[in-house]
Structures are given as structure tokens and as C-alpha cells.
file upload20.cif (mmCIF, C-alpha atoms (C1' of nucleotides) and all ligand atoms)
data_entry
#
loop_
_atom_site.label_atom_id
_atom_site.label_comp_id
_atom_site.auth_asym_id
_atom_site.auth_seq_id
_atom_site.Cartn_x
_atom_site.Cartn_y
_atom_site.Cartn_z
CA MET A 1 0.00 0.00 0.00
CA LEU A 2 2.46 2.62 1.19
CA TYR A 3 5.59 0.52 1.03
CA SER A 4 6.69 -3.01 0.22
CA LYS A 5 6.54 -5.93 2.60
CA SER A 6 10.32 -5.69 2.89
CA ALA A 7 10.09 -2.08 4.04
CA GLU A 8 7.40 -3.05 6.54
CA TYR A 9 9.70 -5.70 8.01
CA ALA A 10 12.52 -3.16 8.10
CA ILE A 11 10.38 -0.73 10.08
CA GLN A 12 9.42 -3.46 12.52
CA ALA A 13 13.03 -4.49 13.00
CA MET A 14 14.13 -0.91 13.57
CA ILE A 15 11.37 -0.44 16.13
CA TYR A 16 12.60 -3.55 17.91
CA LEU A 17 16.11 -2.14 18.06
CA SER A 18 14.76 1.11 19.39
CA GLU A 19 12.70 -0.62 22.05
CA ASN A 20 15.54 -2.84 23.22
CA LYS A 21 18.34 -0.36 23.48
CA SER A 22 21.58 -1.97 24.57
CA GLU A 23 25.26 -1.57 23.89
CA LYS A 24 25.47 -5.27 23.12
CA PRO A 25 24.40 -6.22 19.58
CA ILE A 26 20.99 -7.83 19.10
CA MET A 27 20.68 -10.97 16.99
CA ILE A 28 18.65 -10.82 13.77
CA SER A 29 17.17 -14.22 14.62
CA LYS A 30 15.81 -12.76 17.84
CA ILE A 31 14.06 -9.94 16.01
CA ALA A 32 12.75 -12.28 13.33
CA ALA A 33 11.26 -14.62 15.94
CA SER A 34 9.76 -11.73 17.87
CA TYR A 35 7.91 -10.25 14.88
CA ASP A 36 7.37 -13.56 13.10
CA ILE A 37 9.43 -12.55 10.09
CA PRO A 38 11.19 -15.25 8.01
CA TYR A 39 14.75 -15.15 9.36
CA GLN A 40 16.65 -15.44 6.10
CA PHE A 41 14.48 -12.82 4.51
CA LEU A 42 15.01 -10.36 7.33
CA ALA A 43 18.75 -11.03 7.25
CA LYS A 44 18.74 -9.96 3.61
CA ILE A 45 16.79 -6.80 4.35
CA VAL A 46 19.18 -5.96 7.17
CA GLN A 47 22.10 -6.17 4.76
CA THR A 48 20.60 -3.27 2.85
CA LEU A 49 20.00 -1.31 6.03
CA VAL A 50 23.64 -1.82 6.95
CA LYS A 51 24.81 -0.54 3.57
CA GLN A 52 22.63 2.53 4.04
CA ARG A 53 24.16 3.03 7.50
CA LEU A 54 20.81 2.80 9.26
CA VAL A 55 22.10 -0.10 11.33
CA LYS A 56 25.54 -1.27 12.36
CA ALA A 57 26.37 -4.96 12.21
CA THR A 58 28.76 -6.87 14.44
CA ARG A 59 29.89 -10.21 13.10
CA GLY A 60 30.85 -13.37 14.84
CA ARG A 61 29.97 -14.87 18.18
CA ASN A 62 27.91 -12.52 20.33
CA GLY A 63 27.37 -10.48 17.21
CA GLY A 64 24.19 -8.85 16.01
CA ILE A 65 22.97 -5.44 14.98
CA ASN A 66 22.49 -2.00 16.52
CA LEU A 67 20.98 1.25 15.36
CA GLY A 68 23.32 3.27 13.18
CA ARG A 69 22.27 6.52 14.84
CA PRO A 70 20.33 7.60 17.92
CA SER A 71 16.68 6.55 17.59
CA HIS A 72 15.36 10.08 17.69
CA GLU A 73 17.36 10.89 14.57
CA ILE A 74 15.91 8.15 12.41
CA TYR A 75 12.65 8.84 10.59
CA VAL A 76 10.29 6.29 9.07
CA ASN A 77 10.59 7.60 5.54
CA GLU A 78 14.36 7.07 5.65
CA ILE A 79 13.76 3.39 6.30
CA VAL A 80 11.24 3.13 3.49
CA HIS A 81 13.52 4.88 1.02
CA ALA A 82 16.48 2.75 2.07
CA ILE A 83 14.56 -0.40 1.15
CA ASP A 84 12.17 0.62 -1.60
CA GLY A 85 14.42 3.23 -3.15
CA PRO A 86 13.94 6.99 -3.26
CA PRO A 87 10.56 8.47 -4.22
CA PRO A 88 10.00 9.34 -7.91
CA GLU A 89 11.12 12.80 -8.97
CA ARG A 90 7.86 13.53 -10.71
CA GLU A 91 4.66 12.50 -9.03
CA GLN A 92 2.61 9.93 -10.88
CA CYS A 93 -1.09 10.45 -11.47
CA VAL A 94 -3.36 8.21 -9.35
CA ILE A 95 -5.29 6.96 -12.32
CA GLY A 96 -2.33 6.82 -14.63
CA LEU A 97 -3.24 9.74 -16.87
CA ASP A 98 0.14 11.09 -17.93
CA LEU A 99 2.05 13.05 -15.31
CA CYS A 100 0.50 14.71 -12.32
CA SER A 101 0.45 18.49 -12.16
CA ASP A 102 -1.82 21.24 -10.91
CA GLU A 103 -2.05 22.69 -14.41
CA THR A 104 -3.48 19.56 -15.98
CA PRO A 105 -5.24 17.81 -13.12
CA CYS A 106 -6.98 14.50 -13.62
CA PRO A 107 -10.47 14.06 -12.12
CA LEU A 108 -9.14 12.75 -8.83
CA HIS A 109 -6.19 15.13 -8.59
CA ASP A 110 -7.76 17.69 -6.24
CA LYS A 111 -8.84 15.04 -3.79
CA TRP A 112 -5.71 12.94 -4.12
CA LYS A 113 -3.08 15.63 -3.75
CA PRO A 114 -3.80 16.53 -0.11
CA ILE A 115 -3.98 12.83 0.77
CA ARG A 116 -0.61 12.19 -0.81
CA TYR A 117 0.77 15.11 1.15
CA LYS A 118 -0.64 13.78 4.41
CA ILE A 119 0.98 10.42 3.81
CA ALA A 120 4.38 11.97 3.12
CA GLU A 121 3.97 14.11 6.21
CA MET A 122 3.14 11.09 8.33
CA LEU A 123 6.21 9.17 7.23
CA ALA A 124 8.54 12.16 7.50
CA GLY A 125 7.25 13.24 10.89
CA GLU A 126 7.72 10.11 12.96
CA HIS A 127 11.05 9.08 14.39
CA LEU A 128 11.91 5.77 15.98
CA ASP A 129 11.90 7.06 19.53
CA ASP A 130 8.22 8.00 19.25
CA LEU A 131 7.32 4.74 17.62
CA ALA A 132 9.10 2.51 20.09
CA GLU A 133 7.45 4.24 23.00
CA ARG A 134 3.99 3.79 21.60
CA VAL A 135 4.60 0.20 20.54
CA THR A 136 5.55 -0.60 24.09
CA ALA A 137 2.33 1.05 25.23
CA LYS A 138 0.37 -1.07 22.75
CA ARG A 139 1.92 -4.24 24.13
CA GLU A 140 1.03 -3.27 27.69
CA LYS A 141 -2.57 -2.74 26.70
CA MET A 142 -2.77 -6.02 24.87
CA LYS A 143 -1.60 -7.95 27.90
CA LYS A 144 -4.60 -6.84 29.93
CA MET B 1 -0.78 1.89 -4.50
CA LEU B 2 -4.53 2.16 -4.12
CA TYR B 3 -5.47 -0.49 -6.64
CA SER B 4 -3.89 -2.87 -9.12
CA LYS B 5 -2.79 -1.97 -12.63
CA SER B 6 -5.80 -3.94 -13.89
CA ALA B 7 -8.16 -1.79 -11.87
CA GLU B 8 -6.44 1.33 -13.14
CA TYR B 9 -6.98 0.21 -16.73
CA ALA B 10 -10.60 -0.58 -15.88
CA ILE B 11 -11.16 2.94 -14.54
CA GLN B 12 -9.59 4.45 -17.65
CA ALA B 13 -11.76 2.31 -19.92
CA MET B 14 -14.91 3.23 -18.02
CA ILE B 15 -14.03 6.91 -18.24
CA TYR B 16 -13.60 6.51 -21.98
CA LEU B 17 -17.06 4.99 -22.24
CA SER B 18 -18.48 7.79 -20.18
CA GLU B 19 -16.81 10.44 -22.33
CA ASN B 20 -17.90 8.91 -25.62
CA LYS B 21 -21.52 8.21 -24.91
CA SER B 22 -23.24 6.58 -27.86
CA GLU B 23 -25.94 4.03 -28.46
CA LYS B 24 -23.58 2.17 -30.75
CA PRO B 25 -21.10 -0.12 -28.98
CA ILE B 26 -17.49 1.03 -28.70
CA MET B 27 -14.67 -1.33 -29.63
CA ILE B 28 -12.25 -2.46 -26.93
CA SER B 29 -9.38 -2.05 -29.38
CA LYS B 30 -10.32 1.61 -29.77
CA ILE B 31 -10.16 2.19 -26.03
CA ALA B 32 -6.93 0.22 -25.71
CA ALA B 33 -5.27 2.30 -28.43
CA SER B 34 -6.54 5.53 -26.96
CA TYR B 35 -5.14 4.87 -23.48
CA ASP B 36 -2.17 2.81 -24.64
CA ILE B 37 -3.33 -0.32 -22.84
CA PRO B 38 -2.33 -3.76 -24.19
CA TYR B 39 -5.40 -4.81 -26.15
CA GLN B 40 -5.58 -8.46 -25.09
CA PHE B 41 -5.08 -7.49 -21.50
CA LEU B 42 -7.85 -4.93 -21.55
CA ALA B 43 -10.14 -7.40 -23.29
CA LYS B 44 -9.64 -9.76 -20.37
CA ILE B 45 -10.33 -7.06 -17.80
CA VAL B 46 -13.48 -6.11 -19.67
CA GLN B 47 -14.69 -9.70 -19.38
CA THR B 48 -14.74 -9.28 -15.61
CA LEU B 49 -16.50 -5.94 -15.86
CA VAL B 50 -19.15 -7.59 -18.03
CA LYS B 51 -19.70 -10.37 -15.50
CA GLN B 52 -20.09 -7.74 -12.78
CA ARG B 53 -22.62 -5.94 -15.00
CA LEU B 54 -20.62 -2.71 -15.06
CA VAL B 55 -20.48 -2.87 -18.84
CA LYS B 56 -22.61 -4.54 -21.49
CA ALA B 57 -20.91 -6.31 -24.38
CA THR B 58 -22.18 -6.71 -27.92
CA ARG B 59 -20.51 -9.44 -29.94
CA GLY B 60 -19.80 -9.75 -33.60
CA ARG B 61 -19.36 -7.24 -36.37
CA ASN B 62 -20.02 -3.67 -35.23
CA GLY B 63 -19.88 -5.01 -31.70
CA GLY B 64 -18.17 -3.48 -28.68
CA ILE B 65 -19.06 -2.41 -25.18
CA ASN B 66 -21.28 0.11 -23.43
CA LEU B 67 -21.76 1.18 -19.85
CA GLY B 68 -23.98 -1.20 -17.89
CA ARG B 69 -25.71 1.68 -16.13
CA PRO B 70 -25.97 5.46 -16.49
CA SER B 71 -22.60 7.05 -15.80
CA HIS B 72 -23.80 9.04 -12.82
CA GLU B 73 -24.73 5.79 -11.08
CA ILE B 74 -21.29 4.19 -11.32
CA TYR B 75 -18.76 5.02 -8.61
CA VAL B 76 -15.01 4.48 -8.78
CA ASN B 77 -14.88 2.12 -5.83
CA GLU B 78 -17.33 -0.21 -7.58
CA ILE B 79 -14.89 -0.55 -10.45
CA VAL B 80 -11.97 -1.19 -8.11
CA HIS B 81 -13.88 -3.82 -6.16
CA ALA B 82 -15.10 -5.49 -9.33
CA ILE B 83 -11.51 -6.02 -10.44
CA ASP B 84 -9.48 -6.31 -7.25
CA GLY B 85 -12.17 -7.93 -5.16
CA PRO B 86 -14.00 -6.53 -2.15
CA PRO B 87 -12.08 -4.71 0.62
CA PRO B 88 -10.97 -6.74 3.66
CA GLU B 89 -13.52 -7.10 6.45
CA ARG B 90 -11.06 -6.14 9.14
CA GLU B 91 -8.70 -3.29 8.51
CA GLN B 92 -5.04 -4.17 8.47
CA CYS B 93 -2.48 -2.19 10.45
CA VAL B 94 -0.21 0.01 8.30
CA ILE B 95 2.94 -1.37 9.81
CA GLY B 96 1.63 -4.92 10.12
CA LEU B 97 1.30 -5.06 13.88
CA ASP B 98 -1.61 -7.44 14.39
CA LEU B 99 -5.04 -6.08 13.60
CA CYS B 100 -5.91 -2.42 13.55
CA SER B 101 -8.20 -1.08 16.24
CA ASP B 102 -8.65 2.08 18.25
CA GLU B 103 -8.16 0.14 21.47
CA THR B 104 -4.70 -1.13 20.63
CA PRO B 105 -3.35 1.46 18.21
CA CYS B 106 0.08 1.13 16.66
CA PRO B 107 2.34 4.19 16.60
CA LEU B 108 1.05 5.36 13.23
CA HIS B 109 -2.59 4.50 13.85
CA ASP B 110 -3.81 7.96 14.82
CA LYS B 111 -2.25 9.55 11.78
CA TRP B 112 -3.12 6.76 9.40
CA LYS B 113 -6.78 6.26 10.26
CA PRO B 114 -8.01 9.63 8.94
CA ILE B 115 -5.93 9.21 5.80
CA ARG B 116 -7.43 5.79 5.15
CA TYR B 117 -10.86 7.30 5.62
CA LYS B 118 -10.12 10.08 3.17
CA ILE B 119 -9.03 7.59 0.55
CA ALA B 120 -12.19 5.53 0.93
CA GLU B 121 -14.24 8.70 0.78
CA MET B 122 -12.49 9.78 -2.41
CA LEU B 123 -13.18 6.50 -4.19
CA ALA B 124 -16.77 6.25 -2.97
CA GLY B 125 -17.62 9.87 -3.74
CA GLU B 126 -16.75 10.11 -7.41
CA HIS B 127 -19.00 8.83 -10.14
CA LEU B 128 -18.13 8.44 -13.81
CA ASP B 129 -20.07 11.46 -14.96
CA ASP B 130 -17.88 13.76 -12.84
CA LEU B 131 -14.72 12.06 -13.96
CA ALA B 132 -15.47 12.10 -17.66
CA GLU B 133 -16.29 15.77 -17.57
CA ARG B 134 -13.03 16.64 -15.88
CA VAL B 135 -10.95 14.37 -18.09
CA THR B 136 -12.32 16.16 -21.10
CA ALA B 137 -11.35 19.44 -19.47
CA LYS B 138 -7.85 18.10 -18.88
CA ARG B 139 -7.50 17.19 -22.54
CA GLU B 140 -8.59 20.64 -23.63
CA LYS B 141 -5.98 22.25 -21.42
CA MET B 142 -3.24 19.98 -22.66
CA LYS B 143 -3.93 20.92 -26.26
CA LYS B 144 -3.13 24.56 -25.64
"C1'" DA C 1 -24.79 -19.52 -46.79
"C1'" DT C 2 -20.53 -17.33 -46.42
"C1'" DT C 3 -17.35 -14.17 -44.74
"C1'" DA C 4 -15.63 -10.61 -41.94
"C1'" DT C 5 -15.38 -8.91 -37.38
"C1'" DA C 6 -15.67 -8.45 -32.47
"C1'" DT C 7 -15.98 -10.37 -27.85
"C1'" DA C 8 -15.11 -14.92 -24.86
"C1'" DG C 9 -12.02 -17.65 -22.69
"C1'" DG C 10 -8.52 -21.08 -21.77
"C1'" DA C 11 -3.48 -21.81 -21.95
"C1'" DT C 12 0.81 -19.90 -21.73
"C1'" DT C 13 4.68 -16.70 -20.84
"C1'" DA C 14 7.15 -12.64 -18.49
"C1'" DT C 15 8.35 -10.03 -14.71
"C1'" DA C 16 8.79 -8.79 -10.07
"C1'" DA C 17 8.20 -9.41 -5.22
"C1'" DG C 18 8.61 -12.50 -1.61
"C1'" DG C 19 11.01 -16.21 0.45
"C1'" DT C 20 14.61 -20.23 0.94
"C1'" DC C 21 19.18 -22.64 0.70
"C1'" DT C 22 23.95 -22.98 0.82
"C1'" DT C 23 28.43 -21.39 1.39
"C1'" DG C 24 31.68 -17.72 2.75
"C1'" DT C 25 33.79 -14.79 6.18
"C1'" DA C 26 34.60 -12.31 10.46
"C1'" DA C 27 34.90 -12.46 15.49
"C1'" DT C 28 35.30 -14.65 19.88
"C1'" DA C 29 35.21 -18.06 23.53
"C1'" DT C 30 37.59 -22.15 24.77
"C1'" DA D 1 44.80 -23.07 17.20
"C1'" DT D 2 40.24 -24.43 16.64
"C1'" DA D 3 35.45 -24.81 17.00
"C1'" DT D 4 31.48 -22.14 17.25
"C1'" DT D 5 28.65 -18.42 16.31
"C1'" DA D 6 26.54 -14.71 13.69
"C1'" DC D 7 26.32 -11.70 9.70
"C1'" DA D 8 27.35 -11.56 4.23
"C1'" DA D 9 26.18 -12.82 -0.15
"C1'" DG D 10 24.97 -15.17 -4.16
"C1'" DA D 11 22.07 -18.72 -6.29
"C1'" DC D 12 17.79 -20.49 -6.30
"C1'" DC D 13 12.73 -21.38 -5.65
"C1'" DT D 14 7.68 -19.72 -5.17
"C1'" DT D 15 3.83 -16.91 -5.87
"C1'" DA D 16 1.13 -13.15 -7.77
"C1'" DT D 17 0.47 -9.84 -11.18
"C1'" DA D 18 0.90 -8.36 -15.80
"C1'" DA D 19 0.83 -9.49 -20.50
"C1'" DT D 20 0.42 -12.55 -24.72
"C1'" DC D 21 -1.27 -16.34 -27.78
"C1'" DC D 22 -4.53 -18.91 -29.86
"C1'" DT D 23 -8.94 -20.68 -30.77
"C1'" DA D 24 -14.01 -20.56 -30.15
"C1'" DT D 25 -18.31 -18.34 -30.65
"C1'" DA D 26 -21.63 -14.82 -31.64
"C1'" DT D 27 -23.35 -11.39 -34.92
"C1'" DA D 28 -24.10 -8.67 -38.90
"C1'" DA D 29 -23.06 -7.40 -43.66
"C1'" DT D 30 -22.65 -9.30 -48.19
S1 LIG A 201 -3.12 14.47 -12.35
FE1 LIG A 201 -3.97 12.63 -11.61
S2 LIG A 201 -3.36 12.74 -9.53
FE2 LIG A 201 -2.54 14.61 -10.25
S1 LIG A 202 -3.15 -0.34 14.61
FE1 LIG A 202 -1.65 0.14 13.11
S2 LIG A 202 -2.87 1.31 11.72
FE2 LIG A 202 -4.35 0.87 13.25
#
call {"tool": "encode", "arguments": {"input": "upload20.cif", "output": "C-alpha cells"}}
result
Amino acid sequence: MLYSKSAEYAIQAMIYLSENKSEKPIMISKIAASYDIPYQFLAKIVQTLVKQRLVKATRGRNGGINLGRPSHEIYVNEIVHAIDGPPPEREQCVIGLDLCSDETPCPLHDKWKPIRYKIAEMLAGEHLDDLAERVTAKREKMKK
Amino acid sequence: MLYSKSAEYAIQAMIYLSENKSEKPIMISKIAASYDIPYQFLAKIVQTLVKQRLVKATRGRNGGINLGRPSHEIYVNEIVHAIDGPPPEREQCVIGLDLCSDETPCPLHDKWKPIRYKIAEMLAGEHLDDLAERVTAKREKMKK
DNA sequence: ATTATATAGGATTATAAGGTCTTGTAATAT
DNA sequence: ATATTACAAGACCTTATAATCCTATATAAT
């Protein structure tokens, strides 16, 4: 819908890292088990995150991964772009009628444009610290 | 993003029918050429639209398709559902954390819920008559 | 009746996303 | 040193969507 399954898994993994802050690296297998993500698949996704410097990897025994930066400096859209690639330079029209522009709007353009903006705003406005906090709150509630 | 490529083609084809109202059937190949849609692929999509009664087909020489109902009675979401299937009964969480509900919201829930509503509203609130009119306007502008 | 033409529909192929398997390589505990 | 552990990485498999091929069938013009 908004991002690929891979990006969704990446977000979940990053939230996990943000929730379980520790100097010691956290194993990918642990995260995979916790969120019920196929281990090998997550490992592959993490490789990309490492290349993009969003996480740091420590190899070998007692190895694992850590956040590449403080959690309050990592925003959701960064994660999405790291996995799915950067957003298109020119916006595409929702119903595929040539390019999207205010000058030549398609029938849905006026309704779609503010929605698209809201989505971008949502992804750009949330950093991992916020997310982790609220995920923890969700878990608490679900226990009851 | 919001719907499959097939559904997008279906919307385009329906708009075409709405723009070119005529008692005589309109050929699928004409529509396909006009919107640059692979002919055979569109023909297949149209088969589904016919089964769902959104368009009526006339076979044989001078055959083609027509809208199944007056254009002001056909809404975009009907077309999407006809092609992509009905929407899920229970809303899925944007970041895949169990089911979505106000009681156990995920970190993005509060920002995502109104957006999701806006999208549904957009698709349910536009009928073909509106769309066709505005597409024609778009074409006019692009000529200049 | 015959022929041309347009949709109907099953079978098949292409591409991409999602997911698995196997081997390599780095780090560390013993 | 060596065995073990955990990420790295490429090859491979699976599934869903997108697209194509080919033949059947309906209809109207001749
Ligand atoms: S022109 Fe279609 S969404 Fe902007
Ligand atoms: S709980 Fe995540 S979107 Fe509602």
C-alpha cells in the first residue's frame, strides 16, 4: 500500500532495536522470531540497512545489529527509502493519466493531492523514539 | 498503490465509455489504443466488468461495449472492487502489527486512520459522470 | 450460406516481489 | 589453534500480477 513488505519488516526491526536499546548487539534471529518474520528474509533486508548506514552490524559470536544513529534521529521515511528506493522525482497520477500536475489535473487530482501530502507528512514526521514508546504502550494494553 | 494496474486500466476504460456516450457499442481495441493499454489485457479485464454488469458487451461485427448503467450511477470504488475484489472485512495495520483497532493502536494509527478514511471517501464519492467531464477538461488544457 | 469482425475464454509466458538454501567470512570463547 | 557463532552474499525457488497467444463463438453485412 504505502511501502513493500520488505520495508514493513525493516520498520518493525528498527522499532525492535529502538525498544531494546543496549550496547550489546541484538541478533537478527531474535528480532525475526519476535515479529514472526522469516529469518533469512530479514537477514537480507538488514544487509541493505547496513549498507545505508541505518544499522551497524557486528559479526561473529555474540554479534548482532544496533541502530546506526540515535533513535530520535531516524525517521520512518528514511527506512522506506532505504529499502524501496527513493521516491519518484515527478509524481505519478493516481489513475495513470500522464504526469500529475496542478495545471493539468486528472479528475481525482484535487482530492488525491492533499492525501498524498498527508501520507508523506506522516512518514517524515515520525522518528523511531516515538514509535518505540507507543509500541511498548500497545503491548502493555494487549496484555490486559 | 490504491489499486492494481488492472483496476487502473478498468477505470480508464470506463471513463472513456463515459466520455464517448453513444448508443452504438465502442470497440475495446479503440479504447486500448486511446489509453495505450495492451489490447488483449484490456479485453480480459473487460470480461470481468461484463460479469459484474458494469459494462454490457455486444458481440460480432459492429460489436463493442457500453456502460452497464448510467454514468452518474457508477462510482469508482465499484470498479476497483469489481476487479481487485471486495475490501478486507477487518482493517489491516499500516505497519503490520496485528489487527488495527482504536483500542490497541500502533504508533502510526492515529495519523493513518483519517488518511485511510479520506481515501475511501475519495473513491466512494466520485461517479463516472464527474470524472469524464473533468478528463475532457484536462485534454482541452493539454492541447493549448 | 458465407465471410468478416468483435468479444469470450482457456493456456501460456514474463516479470517482479517474496522467500529459501547454501556457502563464505569475520569475530570470539575455549 | 580451533570450533562455534553470527552476519554476508549469491544462487535459487515460489507466488502473484501483468501481459500474450490462440482458438471458439456470436453477430451482422454481403
Ligand atoms: S493528475 Fe492525476 S493525480 Fe494529479
Ligand atoms: S493499529 Fe496500526 S494502523 Fe491501526
call {"tool": "residues_around", "arguments": {"input": "upload20.cif", "residues": "DT3 (chain C)", "least_positions_apart": "6", "cutoff": "12 Å", "atoms": "all atoms listed in the file", "output": "PyMOL selection string"}}
result
(chain B and resi 61) or (chain D and resi 27-30)
call {"tool": "interface_residues", "arguments": {"input": "upload20.cif", "of": "chain B", "to": "chain A", "cutoff": "6 Å", "atoms": "all atoms listed in the file", "output": "PyMOL selection string"}}
result
chain B and resi 1+8+95+104+107+131+134-135+138
call {"tool": "interface_residues", "arguments": {"input": "upload20.cif", "of": "chain D", "to": "chain B", "cutoff": "12 Å", "atoms": "all atoms listed in the file", "output": "PyMOL selection string"}}
result
chain D and resi 16-22+25-29
call {"tool": "interface_residues", "arguments": {"input": "upload20.cif", "of": "chain C", "to": "chain A", "cutoff": "7 Å", "atoms": "all atoms listed in the file", "output": "list in words"}}
result
DG19, DA26, DA27 and DT28 of chain C
call {"tool": "write_last_selection", "arguments": {"input": "upload20.cif", "atoms": "C-alpha atoms (C1' of nucleotides)", "output": "CSV table (one decimal), keeping the file's coordinate frame"}}
result
chain,number,residue,atom,x,y,z
C,19,DG,C1',11.0,-16.2,0.4
C,26,DA,C1',34.6,-12.3,10.5
C,27,DA,C1',34.9,-12.5,15.5
C,28,DT,C1',35.3,-14.6,19.9
call {"tool": "residues_around", "arguments": {"input": "upload20.cif", "residues": "Lys56 (chain B)", "least_positions_apart": "6", "cutoff": "8 Å", "atoms": "only C-alpha atoms (C1' of nucleotides)", "output": "count of residues only"}}
result
5
call {"tool": "atom_distance", "arguments": {"input": "upload20.cif", "atom1": "CA of Pro70 (chain B)", "atom2": "CA of Asp129 (chain B)"}}
result
8.6 Å
call {"tool": "axis_aligned_box", "arguments": {"input": "upload20.cif", "around": "ligand LIG 201 (chain A)", "padding_each_side": "8 Å", "output": "JSON"}}
result
{"center_x": -3.3, "center_y": 13.6, "center_z": -10.9, "size_x": 17.4, "size_y": 18.0, "size_z": 18.8}
call {"tool": "residues_around", "arguments": {"input": "upload20.cif", "residues": "Gly125 (chain A)", "least_positions_apart": "6", "cutoff": "9 Å", "atoms": "all atoms listed in the file", "output": "ChimeraX atom specification"}}
result
/A:75-77
call {"tool": "atom_distance", "arguments": {"input": "upload20.cif", "atom1": "CA of Lys113 (chain A)", "atom2": "atom FE2 of ligand LIG 201 (chain A)"}}
result
6.6 Å
call {"tool": "atom_distance", "arguments": {"input": "upload20.cif", "atom1": "CA of Ile79 (chain A)", "atom2": "CA of Leu54 (chain A)"}}
result
7.7 Å
call {"tool": "closest_residue", "arguments": {"input": "upload20.cif", "among": "B:Cys100, B:Val55, B:Ile37, B:Leu49", "to": "Asp84 (chain B)", "atoms": "all atoms listed in the file"}}
result
B:Leu49
call {"tool": "residues_around", "arguments": {"input": "upload20.cif", "residues": "Leu17 (chain B)", "least_positions_apart": "3", "cutoff": "8 Å", "atoms": "all atoms listed in the file", "output": "count of residues only"}}
result
7
